[in-house]
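So this one's entry.csv, CSV, C-alpha atoms and all ligand atoms:
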```csv
chain,number,residue,atom,x,y,z
U,1,MET,CA,0.0,0.0,0.0
U,2,PHE,CA,3.0,2.3,0.5
U,3,ALA,CA,4.3,1.8,-3.0
U,4,ASP,CA,5.0,5.5,-3.2
U,5,MET,CA,7.6,5.1,-0.4
U,6,SER,CA,9.8,3.0,-2.7
U,7,GLY,CA,11.6,6.2,-3.8
U,8,LYS,CA,15.2,6.6,-2.7
U,9,MET,CA,14.5,9.6,-0.5
U,10,ALA,CA,11.7,7.9,1.5
U,11,THR,CA,13.7,4.7,1.8
U,12,ASN,CA,16.8,6.5,3.0
U,13,PHE,CA,14.8,8.4,5.5
U,14,VAL,CA,13.2,5.3,6.9
U,15,THR,CA,16.5,3.5,7.1
U,16,TYR,CA,18.1,6.5,8.8
U,17,MET,CA,15.3,6.6,11.4
U,18,ALA,CA,15.5,2.9,12.1
U,19,VAL,CA,19.3,2.9,12.4
U,20,SER,CA,19.6,6.0,14.5
U,21,MET,CA,16.9,5.0,16.9
U,22,GLU,CA,18.2,1.5,17.3
U,23,GLU,CA,21.7,2.8,18.0
U,24,SER,CA,20.6,5.2,20.6
U,25,TYR,CA,18.5,2.6,22.4
U,26,GLN,CA,21.5,0.2,22.5
U,27,GLU,CA,23.8,2.9,23.8
U,28,ASN,CA,21.3,3.9,26.5
U,29,ASP,CA,21.0,0.3,27.7
U,30,MET,CA,24.7,0.1,28.3
U,31,LEU,CA,24.9,3.3,30.2
U,32,PRO,CA,24.3,3.7,34.0
U,33,LYS,CA,21.0,5.3,34.7
U,34,HIS,CA,22.5,8.6,36.0
U,35,SER,CA,24.4,9.2,32.8
U,36,LYS,CA,21.6,8.2,30.5
U,37,ARG,CA,21.3,10.6,27.6
U,38,PRO,CA,18.0,12.1,26.8
U,39,GLU,CA,15.9,10.1,24.4
U,40,PRO,CA,16.5,11.2,20.9
U,41,LYS,CA,13.8,13.5,19.6
U,42,LYS,CA,11.6,11.6,17.2
U,43,PRO,CA,10.5,13.8,14.3
U,44,GLU,CA,6.8,14.6,14.5
U,45,ILE,CA,6.4,13.8,10.8
U,46,SER,CA,6.0,10.5,9.1
U,47,PRO,CA,8.1,9.7,6.0
U,48,MET,CA,5.0,10.3,3.9
U,49,GLN,CA,4.5,13.7,5.4
U,50,GLY,CA,8.1,14.5,5.1
U,51,LYS,CA,8.1,13.7,1.4
U,52,ALA,CA,4.9,15.7,1.0
U,53,ALA,CA,6.6,18.7,2.6
U,54,TRP,CA,9.6,18.2,0.4
U,55,ILE,CA,7.5,18.1,-2.7
U,56,ARG,CA,5.6,21.2,-1.7
U,57,ALA,CA,8.9,23.0,-1.2
U,58,GLN,CA,9.9,22.1,-4.8
U,59,ASN,CA,6.6,23.5,-6.1
U,60,GLN,CA,7.0,21.8,-9.4
U,61,PRO,CA,5.7,18.6,-11.1
U,62,VAL,CA,7.2,15.6,-9.4
U,63,PRO,CA,7.6,12.2,-11.0
U,64,CYS,CA,5.9,9.3,-9.3
U,65,ASP,CA,8.4,6.8,-7.9
U,66,VAL,CA,6.3,3.9,-9.2
U,67,CYS,CA,5.0,4.8,-12.7
U,68,GLY,CA,7.3,7.8,-13.5
U,69,ARG,CA,4.4,10.0,-14.5
U,70,THR,CA,4.8,13.6,-13.2
U,71,PHE,CA,2.2,15.2,-11.0
U,72,LEU,CA,1.7,18.6,-9.4
U,73,PRO,CA,2.7,18.3,-5.7
U,74,GLY,CA,-0.9,18.2,-4.5
U,75,ARG,CA,-1.8,15.5,-6.9
U,76,LEU,CA,1.2,13.3,-6.2
U,77,ILE,CA,0.1,12.9,-2.6
U,78,VAL,CA,-3.1,11.1,-3.5
U,79,HIS,CA,-1.8,9.6,-6.7
U,80,PRO,CA,-0.5,6.3,-5.2
U,81,LYS,CA,-4.0,5.3,-4.5
U,82,SER,CA,-4.7,5.1,-8.2
U,83,CYS,CA,-1.2,4.4,-9.4
U,84,LYS,CA,-0.9,1.4,-11.7
U,85,LEU,CA,2.5,0.3,-12.9
U,86,LYS,CA,2.4,-0.8,-16.5
U,87,PRO,CA,3.2,-4.5,-16.8
P,1,ZN,ZN,2.4,6.4,-10.2
```
Encoded form using structure tokens:
Amino acid sequence: MFADMSGKMATNFVTYMAVSMEESYQENDMLPKHSKRPEPKKPEISPMQGKAAWIRAQNQPVPCDVCGRTFLPGRLIVHPKSCKLKP
């Protein structure tokens, strides 16, 4: 259902989030309680919302990650629902 997230940027973002959060949890586990670092701030945005914001910032037609067709920023957000990759 998240075919639109197959784009490099979204994938990199998700990977970065997973890795960075995993690392900080592991480090915290090894530290004594009194020297525990503050929990890393988790961005309030989801990868999808982050991409939407990035697209809006570009303010230009953006190619769909799946089918390659270009859409205006507002349309690309809802496009994945009707996106069909040609066989
Ligand atoms: Zn598409």
List every residue of chain U that has an atom at most 7 Å from any atom of ligand ZN 1 (chain P), giving for each one its closest atom pair and the distance in Å to one decimal, counting only C-alpha atoms and all ligand atoms, sorted by chain and then by ascending residue number, as a tab-separated table.
```
residue	atom	partner	partner_atom	distance
U:Cys64	CA	P:ZN1	ZN	4.6
U:Asp65	CA	P:ZN1	ZN	6.4
U:Val66	CA	P:ZN1	ZN	4.7
U:Cys67	CA	P:ZN1	ZN	3.9
U:Gly68	CA	P:ZN1	ZN	6.1
U:Arg69	CA	P:ZN1	ZN	6.0
U:His79	CA	P:ZN1	ZN	6.3
U:Pro80	CA	P:ZN1	ZN	5.8
U:Cys83	CA	P:ZN1	ZN	4.2
U:Lys84	CA	P:ZN1	ZN	6.2
U:Leu85	CA	P:ZN1	ZN	6.7
```
Open item on the list: If I take atom CA of Ala52 of chain U and atom CA of Glu39 of chain U, how far is one from the other in Å, to one decimal?
Closed with: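 Calculated distance between atom CA of Ala52 of chain U and atom CA of Glu39 of chain U is 26.5 Å.
For the pair atom CA of Pro38 of chain U and atom CA of Gly50 of chain U, the separation is 24.0 Å.
What separates atom CA of Arg75 of chain U from atom CA of Pro47 of chain U is a distance of 17.3 Å.
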TODO: Select, from U:Ser82, U:Asn12, U:Phe71, U:Ile77, the residue with the minimum atom-to-atom distance to Ala53 of chain U, counting all atoms listed in the file.
DONE: U:Ile77
Task: Residues within 9 Å of (6.4, 17.7, -9.6), counting only C-alpha atoms, listed as a ChimeraX atom specification - done: /U:55-56,58-64,70-76
